[in-house]
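Listing of input-v1.txt; format and content: compact mmCIF, C-alpha atoms.
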```txt
# COMPACT_ATOMS: atom_id res chain seq x y z
CA MET A 152 -16.49 -75.31 -14.90
CA LYS A 153 -13.34 -75.76 -16.94
CA LYS A 154 -10.37 -73.72 -15.69
CA MET A 155 -7.49 -72.33 -17.73
CA ASN A 156 -4.63 -70.21 -16.42
CA LEU A 157 -3.46 -68.52 -19.61
CA THR A 158 -0.41 -66.35 -19.01
CA ASN A 159 0.15 -63.84 -21.79
CA LEU A 160 -3.17 -64.79 -23.37
CA LEU A 161 -4.22 -61.27 -24.20
CA PHE A 162 -2.96 -58.70 -26.63
CA LEU A 163 -2.49 -55.44 -24.70
CA SER A 164 -1.67 -51.93 -25.87
CA ILE A 165 -1.29 -49.11 -23.34
CA VAL A 166 -0.39 -45.44 -23.49
CA THR A 167 1.68 -43.87 -20.67
CA ALA A 168 -0.27 -41.29 -18.67
CA ALA A 169 2.65 -39.01 -18.00
CA THR A 170 3.55 -38.44 -21.63
CA ALA A 171 0.33 -39.35 -23.47
CA ALA A 172 2.50 -41.63 -25.56
CA CYS A 173 2.29 -45.26 -26.60
CA SER A 174 3.34 -48.14 -24.39
CA LYS A 175 3.12 -51.62 -25.82
CA MET A 176 2.84 -54.85 -23.85
CA GLU A 177 5.14 -57.76 -24.46
CA PHE A 178 3.17 -60.97 -25.05
CA SER A 179 3.55 -64.57 -26.08
CA PRO A 180 1.40 -66.00 -28.88
CA VAL A 181 -1.73 -67.87 -27.86
CA PRO A 182 -1.15 -71.63 -28.21
CA GLN A 183 -3.01 -72.96 -31.25
CA GLU A 184 -5.05 -75.40 -29.18
CA LEU A 185 -6.33 -72.49 -27.06
CA ALA A 186 -6.94 -70.08 -29.89
CA SER A 187 -10.71 -70.53 -29.85
CA SER A 188 -12.75 -69.46 -26.86
CA VAL A 189 -14.90 -72.06 -25.12
CA PRO A 190 -18.17 -70.91 -23.56
CA GLY A 191 -17.97 -71.11 -19.79
CA THR A 192 -14.18 -71.20 -19.72
CA SER A 193 -12.61 -69.28 -16.84
CA VAL A 194 -9.59 -67.20 -17.82
CA SER A 195 -7.03 -65.65 -15.49
CA PHE A 196 -4.19 -63.42 -16.55
CA SER A 197 -1.39 -61.44 -14.90
CA GLN A 198 0.97 -59.00 -16.59
CA VAL A 199 3.13 -55.99 -15.87
CA VAL A 200 2.84 -53.06 -18.24
CA GLY A 201 6.24 -52.79 -19.87
CA TYR A 202 7.91 -49.82 -21.47
CA GLY A 203 7.20 -49.55 -25.16
CA ASN A 204 7.83 -47.14 -27.99
CA LYS A 205 5.99 -43.90 -28.68
CA GLN A 206 5.38 -44.36 -32.37
CA VAL A 207 2.25 -43.70 -34.42
CA ASP A 208 2.14 -44.33 -38.17
CA PHE A 209 -0.55 -42.47 -40.14
CA LEU A 210 -2.19 -43.10 -43.47
CA ILE A 211 -4.19 -40.18 -44.92
CA VAL A 212 -6.74 -41.23 -47.54
CA PHE A 213 -7.90 -38.36 -49.75
CA ASP A 214 -11.00 -38.56 -51.92
CA ASP A 215 -9.83 -36.66 -55.00
CA SER A 216 -13.08 -36.81 -56.97
CA ASN A 217 -14.69 -33.75 -58.58
CA SER A 218 -16.53 -32.26 -55.60
CA MET A 219 -13.82 -32.63 -52.97
CA LEU A 220 -11.36 -29.73 -53.45
CA PRO A 221 -12.92 -27.29 -50.91
CA ASP A 222 -13.08 -30.00 -48.24
CA LEU A 223 -9.54 -31.19 -48.92
CA LYS A 224 -8.28 -27.64 -48.50
CA LYS A 225 -10.18 -27.43 -45.22
CA LEU A 226 -8.46 -30.60 -44.00
CA ALA A 227 -5.04 -29.40 -45.16
CA ALA A 228 -5.52 -26.15 -43.23
CA GLY A 229 -5.90 -28.06 -39.98
CA MET A 230 -3.30 -30.78 -40.46
CA GLY A 231 -0.29 -28.61 -39.57
CA ASP A 232 -1.65 -27.81 -36.10
CA PHE A 233 -2.78 -31.40 -35.65
CA VAL A 234 0.68 -32.82 -36.32
CA ALA A 235 2.31 -30.08 -34.21
CA SER A 236 0.15 -31.21 -31.28
CA LEU A 237 1.40 -34.77 -31.77
CA GLU A 238 4.99 -33.57 -31.68
CA SER A 239 4.44 -31.54 -28.52
CA SER A 240 3.02 -34.65 -26.80
CA GLY A 241 6.24 -36.57 -27.48
CA ILE A 242 4.75 -38.91 -30.09
CA ASP A 243 7.12 -40.10 -32.79
CA TRP A 244 4.91 -39.94 -35.88
CA GLN A 245 5.28 -40.52 -39.58
CA MET A 246 2.70 -40.19 -42.33
CA CYS A 247 1.96 -41.57 -45.78
CA MET A 248 -0.99 -40.77 -47.98
CA THR A 249 -2.98 -42.27 -50.82
CA ASN A 250 -6.13 -41.51 -52.81
CA THR A 251 -9.50 -43.18 -53.18
CA ARG A 252 -8.91 -43.75 -56.90
CA ALA A 253 -6.69 -46.29 -58.60
CA MET A 254 -3.17 -45.48 -59.77
CA ASN A 255 -2.33 -47.60 -62.83
CA SER A 256 -5.40 -49.72 -62.03
CA VAL A 257 -4.19 -50.38 -58.48
CA TRP A 258 -5.59 -48.79 -55.34
CA GLY A 259 -3.33 -47.98 -52.40
CA TYR A 260 -0.13 -46.59 -53.88
CA SER A 261 1.58 -43.89 -51.81
CA SER A 262 1.67 -40.40 -53.29
CA ASP A 263 4.51 -37.92 -52.74
CA TRP A 264 4.11 -34.92 -50.46
CA VAL A 265 4.63 -31.63 -52.30
CA GLY A 266 7.11 -29.04 -50.99
CA TYR A 267 8.72 -31.63 -48.71
CA SER A 268 12.50 -32.08 -48.57
CA PRO A 269 13.07 -35.39 -46.77
CA ALA A 270 16.35 -36.48 -45.24
CA SER A 271 18.70 -38.52 -47.38
CA GLY A 272 17.31 -41.99 -47.96
CA VAL A 273 13.74 -41.07 -46.95
CA PRO A 274 11.22 -41.27 -49.84
CA ALA A 275 9.17 -38.18 -50.67
CA TYR A 276 5.95 -40.02 -49.78
CA LEU A 277 7.05 -40.61 -46.17
CA LEU A 278 6.51 -37.46 -44.09
CA LYS A 279 8.35 -37.73 -40.78
CA LYS A 280 8.41 -36.06 -37.40
CA GLY A 281 10.55 -32.92 -37.35
CA ALA A 282 9.75 -31.83 -40.92
CA SER A 283 9.59 -28.06 -41.27
CA ASN A 284 6.78 -26.01 -42.84
CA LEU A 285 4.18 -28.71 -42.21
CA GLY A 286 1.26 -26.39 -42.95
CA SER A 287 2.70 -25.53 -46.37
CA ILE A 288 3.38 -29.18 -47.17
CA PHE A 289 -0.25 -30.19 -46.59
CA GLU A 290 -1.64 -27.21 -48.50
CA ASN A 291 0.82 -27.63 -51.41
CA THR A 292 0.00 -31.32 -51.65
CA VAL A 293 -3.75 -30.74 -51.91
CA THR A 294 -3.31 -27.87 -54.37
CA ALA A 295 -1.18 -30.08 -56.63
CA MET A 296 -3.72 -32.91 -56.74
CA THR A 297 -5.47 -33.75 -59.98
CA ILE A 298 -9.01 -33.38 -58.71
CA GLY A 299 -11.56 -35.30 -60.74
CA GLY A 300 -8.99 -37.05 -62.87
CA SER A 301 -9.37 -40.35 -64.69
CA GLY A 302 -10.87 -43.06 -62.50
CA SER A 303 -11.69 -40.74 -59.63
CA ALA A 304 -15.44 -41.46 -59.89
CA ASP A 305 -14.87 -44.95 -58.46
CA GLU A 306 -13.97 -43.91 -54.90
CA ARG A 307 -12.65 -46.84 -52.87
CA GLY A 308 -11.17 -45.59 -49.61
CA LEU A 309 -11.43 -48.99 -47.93
CA LYS A 310 -9.85 -50.85 -50.83
CA ALA A 311 -7.06 -48.24 -50.94
CA THR A 312 -6.45 -48.76 -47.22
CA TYR A 313 -6.56 -52.54 -47.60
CA ASN A 314 -4.03 -52.49 -50.43
CA HIS A 315 -1.79 -49.96 -48.70
CA PHE A 316 -1.55 -52.35 -45.75
CA ALA A 317 -0.96 -55.28 -48.13
CA LEU A 318 1.92 -53.34 -49.73
CA SER A 319 3.44 -52.48 -46.35
CA GLY A 320 6.47 -54.70 -46.94
CA SER A 321 7.60 -52.47 -49.80
CA ASN A 322 6.35 -48.97 -48.94
CA GLY A 323 8.13 -48.47 -45.61
CA CYS A 324 5.17 -46.59 -44.14
CA TYR A 325 4.71 -48.81 -41.08
CA ARG A 326 7.13 -49.61 -38.27
CA PRO A 327 6.99 -52.78 -36.16
CA GLY A 328 5.00 -52.18 -32.98
CA ALA A 329 3.84 -48.67 -33.92
CA ALA A 330 0.23 -47.63 -33.44
CA LEU A 331 -1.63 -47.33 -36.74
CA SER A 332 -4.10 -44.56 -37.51
CA VAL A 333 -5.95 -43.90 -40.77
CA ILE A 334 -7.67 -40.57 -41.49
CA LEU A 335 -10.04 -40.65 -44.47
CA ILE A 336 -12.01 -37.76 -45.94
CA SER A 337 -14.78 -38.31 -48.47
CA ASN A 338 -18.26 -37.00 -49.25
CA GLU A 339 -19.37 -40.34 -50.70
CA ASP A 340 -19.42 -43.97 -49.61
CA GLU A 341 -17.24 -46.85 -50.79
CA ARG A 342 -17.74 -47.07 -54.56
CA SER A 343 -19.94 -43.96 -54.22
CA VAL A 344 -23.12 -45.65 -53.00
CA GLY A 345 -21.80 -48.64 -51.05
CA GLY A 346 -23.26 -51.03 -53.62
CA ASP A 347 -26.78 -49.99 -52.59
CA PRO A 348 -29.12 -49.30 -55.56
CA ALA A 349 -31.46 -47.36 -53.27
CA LYS A 350 -28.73 -44.74 -52.77
CA VAL A 351 -28.29 -43.93 -56.49
CA LYS A 352 -29.40 -40.37 -57.35
CA ALA A 353 -30.69 -39.02 -60.64
CA ASN A 354 -27.54 -36.98 -61.27
CA ASP A 355 -25.10 -39.76 -60.37
CA ALA A 356 -22.74 -40.66 -63.18
CA VAL A 357 -23.67 -43.61 -65.35
CA GLY A 358 -22.21 -46.75 -63.80
CA SER A 359 -22.12 -45.41 -60.25
CA LEU A 360 -23.71 -48.60 -58.93
CA ILE A 361 -20.81 -51.05 -58.77
CA PRO A 362 -20.81 -54.17 -56.56
CA LEU A 363 -18.49 -54.12 -53.58
CA GLU A 364 -15.64 -56.61 -53.50
CA ALA A 365 -13.91 -58.31 -50.56
CA GLU A 366 -11.39 -55.47 -50.18
CA ASP A 367 -14.24 -52.97 -49.81
CA GLN A 368 -15.58 -54.61 -46.66
CA PRO A 369 -14.69 -53.01 -43.29
CA GLU A 370 -14.17 -56.39 -41.59
CA ASN A 371 -11.64 -57.41 -44.23
CA VAL A 372 -9.67 -54.18 -43.89
CA LEU A 373 -9.39 -54.87 -40.15
CA ALA A 374 -8.38 -58.47 -40.87
CA MET A 375 -5.67 -57.26 -43.26
CA ALA A 376 -4.32 -54.89 -40.59
CA LYS A 377 -4.05 -57.77 -38.15
CA ASN A 378 -2.56 -60.06 -40.78
CA ARG A 379 0.18 -57.59 -41.69
CA PHE A 380 0.87 -55.99 -38.31
CA GLY A 381 -0.20 -58.59 -35.74
CA ASN A 382 -3.34 -59.31 -33.76
CA ASP A 383 -2.30 -56.77 -31.14
CA VAL A 384 -2.04 -53.90 -33.64
CA ARG A 385 -3.30 -50.60 -32.22
CA PHE A 386 -5.42 -49.53 -35.18
CA THR A 387 -7.97 -46.72 -35.45
CA PHE A 388 -9.80 -45.77 -38.65
CA ASN A 389 -11.00 -42.17 -38.47
CA SER A 390 -13.38 -40.75 -41.05
CA ILE A 391 -14.58 -37.29 -42.06
CA ILE A 392 -17.74 -38.03 -44.03
CA VAL A 393 -21.39 -37.29 -44.60
CA LYS A 394 -22.55 -39.01 -41.42
CA PRO A 395 -25.29 -41.60 -41.97
CA GLY A 396 -28.66 -39.99 -41.26
CA ASP A 397 -27.39 -36.41 -41.65
CA LYS A 398 -29.68 -35.38 -44.50
CA SER A 399 -28.96 -31.69 -43.95
CA CYS A 400 -25.24 -32.20 -44.55
CA GLU A 401 -25.93 -34.40 -47.56
CA ALA A 402 -28.12 -31.67 -49.06
CA MET A 403 -25.40 -29.07 -48.43
CA GLN A 404 -22.84 -31.23 -50.22
CA ASP A 405 -25.22 -31.88 -53.11
CA ALA A 406 -25.87 -28.15 -53.52
CA ALA A 407 -22.17 -27.32 -53.57
CA SER A 408 -21.33 -29.44 -56.60
CA ALA A 409 -22.81 -31.03 -59.70
CA SER A 410 -21.54 -34.36 -58.34
CA PRO A 411 -23.89 -35.80 -55.70
CA SER A 412 -22.76 -36.83 -52.25
CA HIS A 413 -23.66 -39.95 -50.28
CA GLU A 414 -23.62 -41.06 -46.66
CA GLY A 415 -20.36 -42.72 -45.64
CA VAL A 416 -21.99 -45.88 -44.27
CA TYR A 417 -19.08 -48.24 -44.86
CA TYR A 418 -16.50 -45.74 -43.65
CA GLU A 419 -18.44 -45.24 -40.43
CA LYS A 420 -18.62 -49.03 -39.97
CA LEU A 421 -14.83 -49.36 -39.96
CA SER A 422 -14.49 -46.39 -37.60
CA VAL A 423 -16.87 -48.08 -35.17
CA LEU A 424 -15.07 -51.45 -35.52
CA THR A 425 -11.75 -49.85 -34.57
CA ASP A 426 -13.05 -47.34 -32.01
CA GLY A 427 -12.00 -44.55 -34.34
CA GLY A 428 -13.51 -41.09 -34.67
CA VAL A 429 -16.23 -39.97 -37.08
CA GLY A 430 -16.43 -36.30 -38.07
CA SER A 431 -18.80 -34.40 -40.31
CA ILE A 432 -17.52 -33.15 -43.65
CA CYS A 433 -19.95 -30.24 -43.31
CA ASP A 434 -18.17 -28.73 -40.31
CA SER A 435 -16.81 -25.25 -41.03
CA SER A 436 -13.43 -26.34 -39.69
CA PHE A 437 -11.94 -29.78 -39.14
CA ALA A 438 -9.91 -28.70 -36.11
CA ASN A 439 -12.32 -30.32 -33.64
CA ASN A 440 -12.47 -33.50 -35.72
CA LEU A 441 -8.69 -33.76 -35.77
CA ASN A 442 -8.49 -33.15 -32.03
CA THR A 443 -10.99 -35.96 -31.52
CA PHE A 444 -8.89 -38.24 -33.71
CA ARG A 445 -5.80 -37.37 -31.68
CA ASP A 446 -7.64 -38.32 -28.50
CA LYS A 447 -8.85 -41.55 -30.12
CA ILE A 448 -5.26 -42.45 -30.96
CA VAL A 449 -4.41 -42.12 -27.29
CA ASN A 450 -7.58 -43.80 -26.06
CA SER A 451 -7.13 -46.78 -28.37
CA MET A 452 -3.98 -47.60 -26.40
CA THR A 453 -5.84 -47.99 -23.13
CA HIS A 454 -7.62 -51.23 -23.94
CA MET A 455 -7.19 -55.00 -24.09
CA THR A 456 -8.52 -57.26 -26.80
CA LEU A 457 -9.73 -60.33 -24.91
CA GLN A 458 -9.76 -63.91 -26.18
CA CYS A 459 -13.55 -64.09 -25.85
CA VAL A 460 -16.55 -61.99 -24.91
CA PRO A 461 -16.73 -62.05 -21.10
CA ALA A 462 -19.92 -63.18 -19.41
CA ALA A 463 -21.73 -60.24 -17.83
CA GLY A 464 -20.50 -59.38 -14.37
CA THR A 465 -17.56 -61.81 -14.35
CA VAL A 466 -14.68 -59.43 -15.09
CA GLN A 467 -12.50 -58.87 -12.02
CA ILE A 468 -9.42 -56.65 -12.15
CA LYS A 469 -6.71 -55.77 -9.67
CA ILE A 470 -4.20 -53.00 -10.32
CA ASN A 471 -1.02 -53.35 -8.25
CA GLY A 472 -2.91 -55.70 -5.94
CA SER A 473 -5.94 -53.46 -5.33
CA ALA A 474 -9.43 -54.01 -6.74
CA PHE A 475 -10.06 -51.84 -9.80
CA THR A 476 -13.50 -50.92 -11.16
CA LYS A 477 -12.83 -48.00 -13.53
CA PHE A 478 -13.27 -49.92 -16.76
CA SER A 479 -15.92 -50.84 -19.30
CA VAL A 480 -16.47 -53.83 -21.56
CA SER A 481 -17.75 -53.68 -25.14
CA GLY A 482 -17.82 -57.06 -26.86
CA ASN A 483 -14.37 -58.52 -26.31
CA ILE A 484 -12.76 -55.10 -25.78
CA LEU A 485 -11.85 -54.17 -22.22
CA LYS A 486 -11.33 -50.41 -21.86
CA PHE A 487 -9.66 -48.63 -18.96
CA ASN A 488 -11.08 -45.21 -18.05
CA SER A 489 -7.57 -43.74 -17.90
CA PRO A 490 -4.15 -44.80 -19.23
CA LEU A 491 -1.96 -47.16 -17.25
CA VAL A 492 1.73 -46.37 -16.82
CA GLU A 493 4.80 -48.56 -17.13
CA GLY A 494 5.36 -50.92 -14.21
CA THR A 495 1.66 -51.30 -13.41
CA LYS A 496 0.71 -54.88 -12.52
CA ILE A 497 -2.62 -56.09 -13.89
CA ASP A 498 -4.44 -59.18 -12.57
CA LEU A 499 -7.49 -60.09 -14.61
CA ALA A 500 -10.06 -62.88 -14.39
CA PHE A 501 -13.29 -63.49 -16.29
CA ASP A 502 -15.54 -66.21 -17.71
CA CYS A 503 -16.12 -66.59 -21.45
CA GLN A 504 -19.71 -65.96 -22.47
```

Rewrite the structure of this file - the entire thing - as structure tokens.
Amino acid sequence: MKKMNLTNLLFLSIVTAATAACSKMEFSPVPQELASSVPGTSVSFSQVVGYGNKQVDFLIVFDDSNSMLPDLKKLAAGMGDFVASLESSGIDWQMCMTNTRAMNSVWGYSSDWVGYSPASGVPAYLLKKGASNLGSIFENTVTAMTIGGSGSADERGLKATYNHFALSGSNGCYRPGAALSVILISNEDERSVGGDPAKVKANDAVGSLIPLEAEDQPENVLAMAKNRFGNDVRFTFNSIIVKPGDKSCEAMQDAASASPSHEGVYYEKLSVLTDGGVGSICDSSFANNLNTFRDKIVNSMTHMTLQCVPAAGTVQIKINGSAFTKFSVSGNILKFNSPLVEGTKIDLAFDCQ
């Protein structure tokens, strides 16, 4: 069996247990010649969890099509308490937002928050920790939206996210090393029906069936996040949608508006890919959904992305020299059952599948 001792091979993101805040590992890039996993390769790795920052950068993606106003108001009502809980946990957050429709034929432009008075030099689209009257800001912003405006029938939450990441060099919404969390709300799928002719309903607008493009694919959104922010980016995509298979919720949404709803299949896919949360748009309140998302933000910082998928039963871990078994493996993601604090030494060994 071929043996490699690859120091700093893994990309690790940890949250400190004492503060429920983010702690990021220092790492060295994987050498190009070792970038691809080799079946049967044995990997060993040692690292000490270093102190990192406590930053989380949010992108809120609002579906502003005809049927969405009641649900957007529901989300706005819960966002103030959600952000207040982040502040009380010591997390340094900031937040931008965009819509699922195109602005000047481009998806992913940041929109200004309404009723927000930022500090000098801070743009009105960048909401930052410490802002006052957060509840009013979220509610004013939703109230001021042009719901059902031109182009809003072509909902593209994934493309908007993709482009927002691509524009990150100019929008100032993302800080180096910060955790990244997207919260999307929509009662339809990407491009309404996810490019699936079987999902088109009789009362869908003419032209609702539009082919998906590369930027509409969940895998490509994740690839763009890694391209712009690094392979070790701590990224969760959280969605409030008509959950796939929830026909009761879909019927409720259809009855509430002349515009039909659709299952959020592609949005759920990206949430699953990033270990994000999925909430139902039919819930009477989004408070529980937002609390779940908050926990996902923390939990996403308690895992390692491994170079390869480990062979079953080969993962061996020591924490500060003692055998450690409180972990799980899903694909090439190694998850700890509880956060690890700064100064913890991790020794890891496994075989590539």

Find the residue from A:Gly308, A:Val416, A:Ala402, A:Thr297 that sits nearest to Gly346 of chain A; use all atoms listed in the file when measuring.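 Looking only at the distances to Gly346 of chain A, the closest residue turns out to be A:Val416.
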
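Look at segment 244-259 of chain A: the protein and nucleic acid residues within 7 Å of it, using all atoms listed in the file and passing over chain neighbours fewer than 5 places away, are A:Gln206, A:Val207, A:Asp208, A:Phe209, A:Leu210, A:Ile211, A:Val212, A:Phe213, A:Asp214, A:Asp215, A:Tyr276, A:Leu277, A:Leu278, A:Lys279, A:Lys280, A:Gly302, A:Ser303, A:Asp305, A:Glu306, A:Arg307, A:Gly308, A:Lys310, A:Ala311, A:Thr312, A:Asn314, A:His315, A:Cys324.
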
Expected file: the selected residues, C-alpha atoms, as a CSV table (one decimal), in the frame of the given file:
```
chain,number,residue,atom,x,y,z
A,206,GLN,CA,5.4,-44.4,-32.4
A,207,VAL,CA,2.2,-43.7,-34.4
A,208,ASP,CA,2.1,-44.3,-38.2
A,209,PHE,CA,-0.6,-42.5,-40.1
A,210,LEU,CA,-2.2,-43.1,-43.5
A,211,ILE,CA,-4.2,-40.2,-44.9
A,212,VAL,CA,-6.7,-41.2,-47.5
A,213,PHE,CA,-7.9,-38.4,-49.8
A,214,ASP,CA,-11.0,-38.6,-51.9
A,215,ASP,CA,-9.8,-36.7,-55.0
A,276,TYR,CA,6.0,-40.0,-49.8
A,277,LEU,CA,7.0,-40.6,-46.2
A,278,LEU,CA,6.5,-37.5,-44.1
A,279,LYS,CA,8.4,-37.7,-40.8
A,280,LYS,CA,8.4,-36.1,-37.4
A,302,GLY,CA,-10.9,-43.1,-62.5
A,303,SER,CA,-11.7,-40.7,-59.6
A,305,ASP,CA,-14.9,-45.0,-58.5
A,306,GLU,CA,-14.0,-43.9,-54.9
A,307,ARG,CA,-12.6,-46.8,-52.9
A,308,GLY,CA,-11.2,-45.6,-49.6
A,310,LYS,CA,-9.8,-50.8,-50.8
A,311,ALA,CA,-7.1,-48.2,-50.9
A,312,THR,CA,-6.4,-48.8,-47.2
A,314,ASN,CA,-4.0,-52.5,-50.4
A,315,HIS,CA,-1.8,-50.0,-48.7
A,324,CYS,CA,5.2,-46.6,-44.1
```

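Near Asp434 of chain A, within a cut-off of 12 Å and counting all atoms listed in the file, sit the residues Pro221, Asp222, Lys225, Leu226, Ile391, Ile392, Val393, Lys394, Ser399, Cys400, Met403, Gln404, Asn440 and Leu441 of chain A, with same-chain residues fewer than 6 positions away left out.
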
Output C-alpha atoms of each residue in that selection to a file, as a JSON list (two decimals), keeping the file's coordinate frame.
```
[["chain", "number", "residue", "atom", "x", "y", "z"],
["A", 221, "PRO", "CA", -12.92, -27.29, -50.91],
["A", 222, "ASP", "CA", -13.08, -30.00, -48.24],
["A", 225, "LYS", "CA", -10.18, -27.43, -45.22],
["A", 226, "LEU", "CA", -8.46, -30.60, -44.00],
["A", 391, "ILE", "CA", -14.58, -37.29, -42.06],
["A", 392, "ILE", "CA", -17.74, -38.03, -44.03],
["A", 393, "VAL", "CA", -21.39, -37.29, -44.60],
["A", 394, "LYS", "CA", -22.55, -39.01, -41.42],
["A", 399, "SER", "CA", -28.96, -31.69, -43.95],
["A", 400, "CYS", "CA", -25.24, -32.20, -44.55],
["A", 403, "MET", "CA", -25.40, -29.07, -48.43],
["A", 404, "GLN", "CA", -22.84, -31.23, -50.22],
["A", 440, "ASN", "CA", -12.47, -33.50, -35.72],
["A", 441, "LEU", "CA", -8.69, -33.76, -35.77]]
```

Shortest interatomic distance to Glu366 of chain A - which of A:Ala349, A:Ala275, A:Val265, A:Leu309, counting all atoms listed in the file: A:Leu309

Within 6 Å of segment 471-488 of chain A using only C-alpha atoms, minus same-chain residues under 4 positions, as number ranges by chain: A: 453-457, 459-460, 496

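Using all atoms listed in the file for every distance, the candidate list A:Ser261, A:Gln368, A:Ser236, A:Asn382 yields A:Ser236 as the residue closest to Arg445 of chain A.
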
Residue rebuild result segment 366-381 of chain A, N, CA, C and O atoms as a JSON list (two decimals), in the frame of the given file:
```
[["chain", "number", "residue", "atom", "x", "y", "z"],
["A", 366, "GLU", "N", -12.26, -56.52, -50.72],
["A", 366, "GLU", "CA", -11.39, -55.47, -50.18],
["A", 366, "GLU", "C", -12.15, -54.21, -49.78],
["A", 366, "GLU", "O", -11.58, -53.33, -49.13],
["A", 367, "ASP", "N", -13.42, -54.12, -50.17],
["A", 367, "ASP", "CA", -14.24, -52.97, -49.81],
["A", 367, "ASP", "C", -14.98, -53.16, -48.48],
["A", 367, "ASP", "O", -15.68, -52.25, -48.04],
["A", 368, "GLN", "N", -14.85, -54.31, -47.88],
["A", 368, "GLN", "CA", -15.58, -54.61, -46.66],
["A", 368, "GLN", "C", -14.79, -54.20, -45.42],
["A", 368, "GLN", "O", -13.61, -54.54, -45.29],
["A", 369, "PRO", "N", -15.40, -53.46, -44.49],
["A", 369, "PRO", "CA", -14.69, -53.01, -43.29],
["A", 369, "PRO", "C", -14.03, -54.14, -42.51],
["A", 369, "PRO", "O", -12.89, -54.01, -42.05],
["A", 370, "GLU", "N", -14.72, -55.27, -42.35],
["A", 370, "GLU", "CA", -14.17, -56.39, -41.59],
["A", 370, "GLU", "C", -12.88, -56.92, -42.22],
["A", 370, "GLU", "O", -11.96, -57.34, -41.52],
["A", 371, "ASN", "N", -12.82, -56.90, -43.54],
["A", 371, "ASN", "CA", -11.64, -57.41, -44.23],
["A", 371, "ASN", "C", -10.46, -56.45, -44.15],
["A", 371, "ASN", "O", -9.31, -56.87, -44.15],
["A", 372, "VAL", "N", -10.75, -55.15, -44.10],
["A", 372, "VAL", "CA", -9.67, -54.18, -43.89],
["A", 372, "VAL", "C", -9.04, -54.40, -42.50],
["A", 372, "VAL", "O", -7.82, -54.39, -42.34],
["A", 373, "LEU", "N", -9.90, -54.59, -41.50],
["A", 373, "LEU", "CA", -9.39, -54.87, -40.15],
["A", 373, "LEU", "C", -8.60, -56.17, -40.12],
["A", 373, "LEU", "O", -7.54, -56.24, -39.50],
["A", 374, "ALA", "N", -9.10, -57.19, -40.82],
["A", 374, "ALA", "CA", -8.38, -58.47, -40.87],
["A", 374, "ALA", "C", -7.02, -58.31, -41.54],
["A", 374, "ALA", "O", -6.03, -58.91, -41.10],
["A", 375, "MET", "N", -6.94, -57.49, -42.59],
["A", 375, "MET", "CA", -5.67, -57.26, -43.26],
["A", 375, "MET", "C", -4.69, -56.55, -42.33],
["A", 375, "MET", "O", -3.49, -56.86, -42.30],
["A", 376, "ALA", "N", -5.19, -55.58, -41.55],
["A", 376, "ALA", "CA", -4.32, -54.89, -40.59],
["A", 376, "ALA", "C", -3.73, -55.88, -39.60],
["A", 376, "ALA", "O", -2.52, -55.84, -39.30],
["A", 377, "LYS", "N", -4.54, -56.78, -39.11],
["A", 377, "LYS", "CA", -4.05, -57.77, -38.15],
["A", 377, "LYS", "C", -3.10, -58.76, -38.82],
["A", 377, "LYS", "O", -2.11, -59.20, -38.22],
["A", 378, "ASN", "N", -3.41, -59.12, -40.05],
["A", 378, "ASN", "CA", -2.56, -60.06, -40.78],
["A", 378, "ASN", "C", -1.17, -59.49, -41.02],
["A", 378, "ASN", "O", -0.16, -60.19, -40.88],
["A", 379, "ARG", "N", -1.11, -58.21, -41.36],
["A", 379, "ARG", "CA", 0.18, -57.59, -41.69],
["A", 379, "ARG", "C", 0.94, -57.11, -40.46],
["A", 379, "ARG", "O", 2.17, -57.13, -40.46],
["A", 380, "PHE", "N", 0.21, -56.66, -39.43],
["A", 380, "PHE", "CA", 0.87, -55.99, -38.31],
["A", 380, "PHE", "C", 0.68, -56.70, -36.97],
["A", 380, "PHE", "O", 1.19, -56.23, -35.96],
["A", 381, "GLY", "N", -0.03, -57.82, -36.96],
["A", 381, "GLY", "CA", -0.20, -58.59, -35.74],
["A", 381, "GLY", "C", -1.56, -58.38, -35.10],
["A", 381, "GLY", "O", -2.17, -57.31, -35.24]]
```
